$ cat coords-v1.pdb   # PDB, C-alpha atoms
ATOM      1  CA  MET A   1      -4.172  13.564  -6.195  1.00  0.00           C
ATOM      2  CA  PRO A   2      -0.743  12.870  -4.715  1.00  0.00           C
ATOM      3  CA  TYR A   3      -0.593  11.130  -1.354  1.00  0.00           C
ATOM      4  CA  HIS A   4       2.052  11.370   1.328  1.00  0.00           C
ATOM      5  CA  ILE A   5       2.934   8.424   3.558  1.00  0.00           C
ATOM      6  CA  THR A   6       3.385  10.017   6.974  1.00  0.00           C
ATOM      7  CA  GLN A   7       4.432   6.844   8.765  1.00  0.00           C
ATOM      8  CA  PHE A   8       5.204   3.175   8.219  1.00  0.00           C
ATOM      9  CA  GLN A   9       4.084   1.039  11.174  1.00  0.00           C
ATOM     10  CA  PRO A  10       5.011  -2.596  11.757  1.00  0.00           C
ATOM     11  CA  THR A  11       2.261  -5.163  12.206  1.00  0.00           C
ATOM     12  CA  PRO A  12       2.351  -8.585  13.865  1.00  0.00           C
ATOM     13  CA  ASN A  13       2.991  -9.975  10.379  1.00  0.00           C
ATOM     14  CA  PRO A  14       6.656  -9.317   9.453  1.00  0.00           C
ATOM     15  CA  ASN A  15       5.623  -9.176   5.777  1.00  0.00           C
ATOM     16  CA  ALA A  16       3.000  -6.428   6.278  1.00  0.00           C
ATOM     17  CA  LEU A  17       3.275  -2.719   7.033  1.00  0.00           C
ATOM     18  CA  LYS A  18       0.560  -0.215   7.858  1.00  0.00           C
ATOM     19  CA  CYS A  19       1.077   3.072   6.013  1.00  0.00           C
ATOM     20  CA  SER A  20      -0.540   6.239   7.389  1.00  0.00           C
ATOM     21  CA  LEU A  21      -1.647   8.561   4.577  1.00  0.00           C
ATOM     22  CA  GLU A  22      -2.464  12.197   3.913  1.00  0.00           C
ATOM     23  CA  PRO A  23      -4.917  13.018   2.449  1.00  0.00           C
ATOM     24  CA  ARG A  24      -7.500  10.270   2.889  1.00  0.00           C
ATOM     25  CA  LEU A  25      -8.115   7.762   0.124  1.00  0.00           C
ATOM     26  CA  PRO A  26     -11.564   7.967  -1.477  1.00  0.00           C
ATOM     27  CA  ASP A  27     -14.267   5.582  -0.296  1.00  0.00           C
ATOM     28  CA  PRO A  28     -15.052   2.754  -0.432  1.00  0.00           C
ATOM     29  CA  PRO A  29     -12.312   0.732   1.308  1.00  0.00           C
ATOM     30  CA  ARG A  30     -10.724  -1.807  -1.032  1.00  0.00           C
ATOM     31  CA  SER A  31      -8.928  -5.078  -0.421  1.00  0.00           C
ATOM     32  CA  PHE A  32      -6.882  -6.852  -3.083  1.00  0.00           C
ATOM     33  CA  ARG A  33      -5.515 -10.325  -2.373  1.00  0.00           C
ATOM     34  CA  ASN A  34      -3.463 -10.257  -5.589  1.00  0.00           C
ATOM     35  CA  ALA A  35      -2.776  -8.192  -8.693  1.00  0.00           C
ATOM     36  CA  ALA A  36      -5.673  -9.772 -10.603  1.00  0.00           C
ATOM     37  CA  ASP A  37      -8.112  -8.561  -7.915  1.00  0.00           C
ATOM     38  CA  ALA A  38      -6.866  -4.982  -8.457  1.00  0.00           C
ATOM     39  CA  GLU A  39      -7.595  -5.019 -12.195  1.00  0.00           C
ATOM     40  CA  GLY A  40      -9.594  -1.891 -13.038  1.00  0.00           C
ATOM     41  CA  ASP A  41      -8.394   0.007  -9.944  1.00  0.00           C
ATOM     42  CA  PRO A  42      -5.650   2.421 -11.073  1.00  0.00           C
ATOM     43  CA  LEU A  43      -4.063   2.844  -7.645  1.00  0.00           C
ATOM     44  CA  GLY A  44      -4.168  -0.855  -6.819  1.00  0.00           C
ATOM     45  CA  THR A  45      -2.713  -1.748 -10.208  1.00  0.00           C
ATOM     46  CA  ALA A  46       0.110   0.785  -9.784  1.00  0.00           C
ATOM     47  CA  LEU A  47       0.946  -0.511  -6.291  1.00  0.00           C
ATOM     48  CA  PHE A  48       1.079  -4.121  -7.506  1.00  0.00           C
ATOM     49  CA  ALA A  49       3.607  -3.004 -10.123  1.00  0.00           C
ATOM     50  CA  VAL A  50       6.030  -2.417  -7.225  1.00  0.00           C
ATOM     51  CA  ASP A  51       8.306  -5.442  -7.093  1.00  0.00           C
ATOM     52  CA  GLY A  52       7.496  -7.585  -4.051  1.00  0.00           C
ATOM     53  CA  VAL A  53       3.948  -6.324  -3.285  1.00  0.00           C
ATOM     54  CA  THR A  54       1.609  -9.306  -2.806  1.00  0.00           C
ATOM     55  CA  SER A  55      -1.623  -7.876  -1.334  1.00  0.00           C
ATOM     56  CA  LEU A  56      -3.188  -4.555  -0.302  1.00  0.00           C
ATOM     57  CA  LEU A  57      -5.848  -3.099   1.950  1.00  0.00           C
ATOM     58  CA  LEU A  58      -6.735   0.531   1.179  1.00  0.00           C
ATOM     59  CA  ASN A  59      -8.896   2.268   3.782  1.00  0.00           C
ATOM     60  CA  GLY A  60      -9.295   6.011   4.385  1.00  0.00           C
ATOM     61  CA  ASP A  61      -6.186   7.469   5.997  1.00  0.00           C
ATOM     62  CA  TRP A  62      -4.188   4.231   5.965  1.00  0.00           C
ATOM     63  CA  MET A  63      -3.316   1.218   3.870  1.00  0.00           C
ATOM     64  CA  THR A  64      -1.650  -2.097   4.566  1.00  0.00           C
ATOM     65  CA  VAL A  65       0.946  -3.387   2.133  1.00  0.00           C
ATOM     66  CA  ASN A  66       2.003  -7.029   2.194  1.00  0.00           C
ATOM     67  CA  LYS A  67       5.218  -8.177   0.554  1.00  0.00           C
ATOM     68  CA  ALA A  68       6.722 -11.471  -0.525  1.00  0.00           C
ATOM     69  CA  PRO A  69       8.875 -13.006   2.242  1.00  0.00           C
ATOM     70  CA  ASP A  70      12.056 -12.612   0.185  1.00  0.00           C
ATOM     71  CA  ALA A  71      11.346  -8.992  -0.866  1.00  0.00           C
ATOM     72  CA  ASP A  72      13.365  -6.175   0.725  1.00  0.00           C
ATOM     73  CA  TRP A  73      11.301  -3.701   2.771  1.00  0.00           C
ATOM     74  CA  GLY A  74      13.509  -0.773   1.746  1.00  0.00           C
ATOM     75  CA  THR A  75      12.851  -1.409  -1.933  1.00  0.00           C
ATOM     76  CA  VAL A  76       9.128  -1.977  -1.396  1.00  0.00           C
ATOM     77  CA  LYS A  77       8.764   1.201   0.715  1.00  0.00           C
ATOM     78  CA  ARG A  78      10.535   3.350  -1.882  1.00  0.00           C
ATOM     79  CA  GLY A  79       8.353   1.921  -4.646  1.00  0.00           C
ATOM     80  CA  VAL A  80       5.126   2.423  -2.695  1.00  0.00           C
ATOM     81  CA  GLN A  81       6.093   6.001  -1.761  1.00  0.00           C
ATOM     82  CA  SER A  82       6.828   6.764  -5.409  1.00  0.00           C
ATOM     83  CA  VAL A  83       3.455   5.386  -6.563  1.00  0.00           C
ATOM     84  CA  MET A  84       1.550   7.281  -3.879  1.00  0.00           C
ATOM     85  CA  ALA A  85       3.323  10.568  -4.693  1.00  0.00           C
ATOM     86  CA  LYS A  86       2.157  10.237  -8.317  1.00  0.00           C
ATOM     87  CA  ALA A  87      -1.374   8.956  -7.606  1.00  0.00           C
TER      88      ALA A  87
END

$ encode --input "coords-v1.pdb" --output "structure tokens"
Amino acid sequence: MPYHITQFQPTPNPNALKCSLEPRLPDPPRSFRNAADAEGDPLGTALFAVDGVTSLLLNGDWMTVNKAPDADWGTVKRGVQSVMAKA
């Protein structure tokens, strides 16, 4: 099912963004500290394929994406939006 990111929201961490989603992600919530943790989860694996993504928290109608400090947010956002639109 394709997902639409309705909003990117900053967090206190400059390397993390909260992404509001429609529709909701299926339960249960999932947290991946790295790409190896996401092995076996198709969405998590696809999101880690986006250059710069370092960790993820997927939960209902939102997710948090963390990036490497030297990664560009514009590039990461475009990659995440593309993955979610194809999920």

$ atom_distance --input "coords-v1.pdb" --atom1 "CA of Asp27 (chain A)" --atom2 "CA of Gly40 (chain A)"
15.5 Å

$ residues_around --input "coords-v1.pdb" --residues "Ser20 (chain A)" --least-positions-apart "5" --cutoff "6 Å" --atoms "all atoms listed in the file" --output "mmCIF file with C-alpha atoms, in the frame of the given file"
data_model
loop_
_atom_site.group_PDB
_atom_site.id
_atom_site.type_symbol
_atom_site.label_atom_id
_atom_site.label_comp_id
_atom_site.auth_asym_id
_atom_site.auth_seq_id
_atom_site.Cartn_x
_atom_site.Cartn_y
_atom_site.Cartn_z
ATOM 1 C CA ILE A 5 2.934 8.424 3.558
ATOM 2 C CA THR A 6 3.385 10.017 6.974
ATOM 3 C CA GLN A 7 4.432 6.844 8.765
ATOM 4 C CA ASP A 61 -6.186 7.469 5.997
ATOM 5 C CA TRP A 62 -4.188 4.231 5.965
#

$ closest_residue --input "coords-v1.pdb" --among "A:Pro12, A:Ser82, A:Asp70, A:Lys18" --to "Ala49 (chain A)" --atoms "all atoms listed in the file"
A:Ser82

$ atom_distance --input "coords-v1.pdb" --atom1 "CA of Phe48 (chain A)" --atom2 "CA of Lys86 (chain A)"
14.4 Å

$ atom_distance --input "coords-v1.pdb" --atom1 "CA of Pro69 (chain A)" --atom2 "CA of Cys19 (chain A)"
18.3 Å

$ resolve_selection --input "coords-v1.pdb" --expression "the PyMOL selection byres ((chain A and resi 56) around 6)" --output "JSON, numbers by chain"
{"A": [31, 32, 55, 57, 64, 65]}

$ write_last_selection --input "coords-v1.pdb" --atoms "C-alpha atoms" --output "PDB file, in the coordinates of the input"
ATOM      1  CA  SER A  31      -8.928  -5.078  -0.421  1.00  0.00           C
ATOM      2  CA  PHE A  32      -6.882  -6.852  -3.083  1.00  0.00           C
ATOM      3  CA  SER A  55      -1.623  -7.876  -1.334  1.00  0.00           C
ATOM      4  CA  LEU A  57      -5.848  -3.099   1.950  1.00  0.00           C
ATOM      5  CA  THR A  64      -1.650  -2.097   4.566  1.00  0.00           C
ATOM      6  CA  VAL A  65       0.946  -3.387   2.133  1.00  0.00           C
TER       7      VAL A  65
END
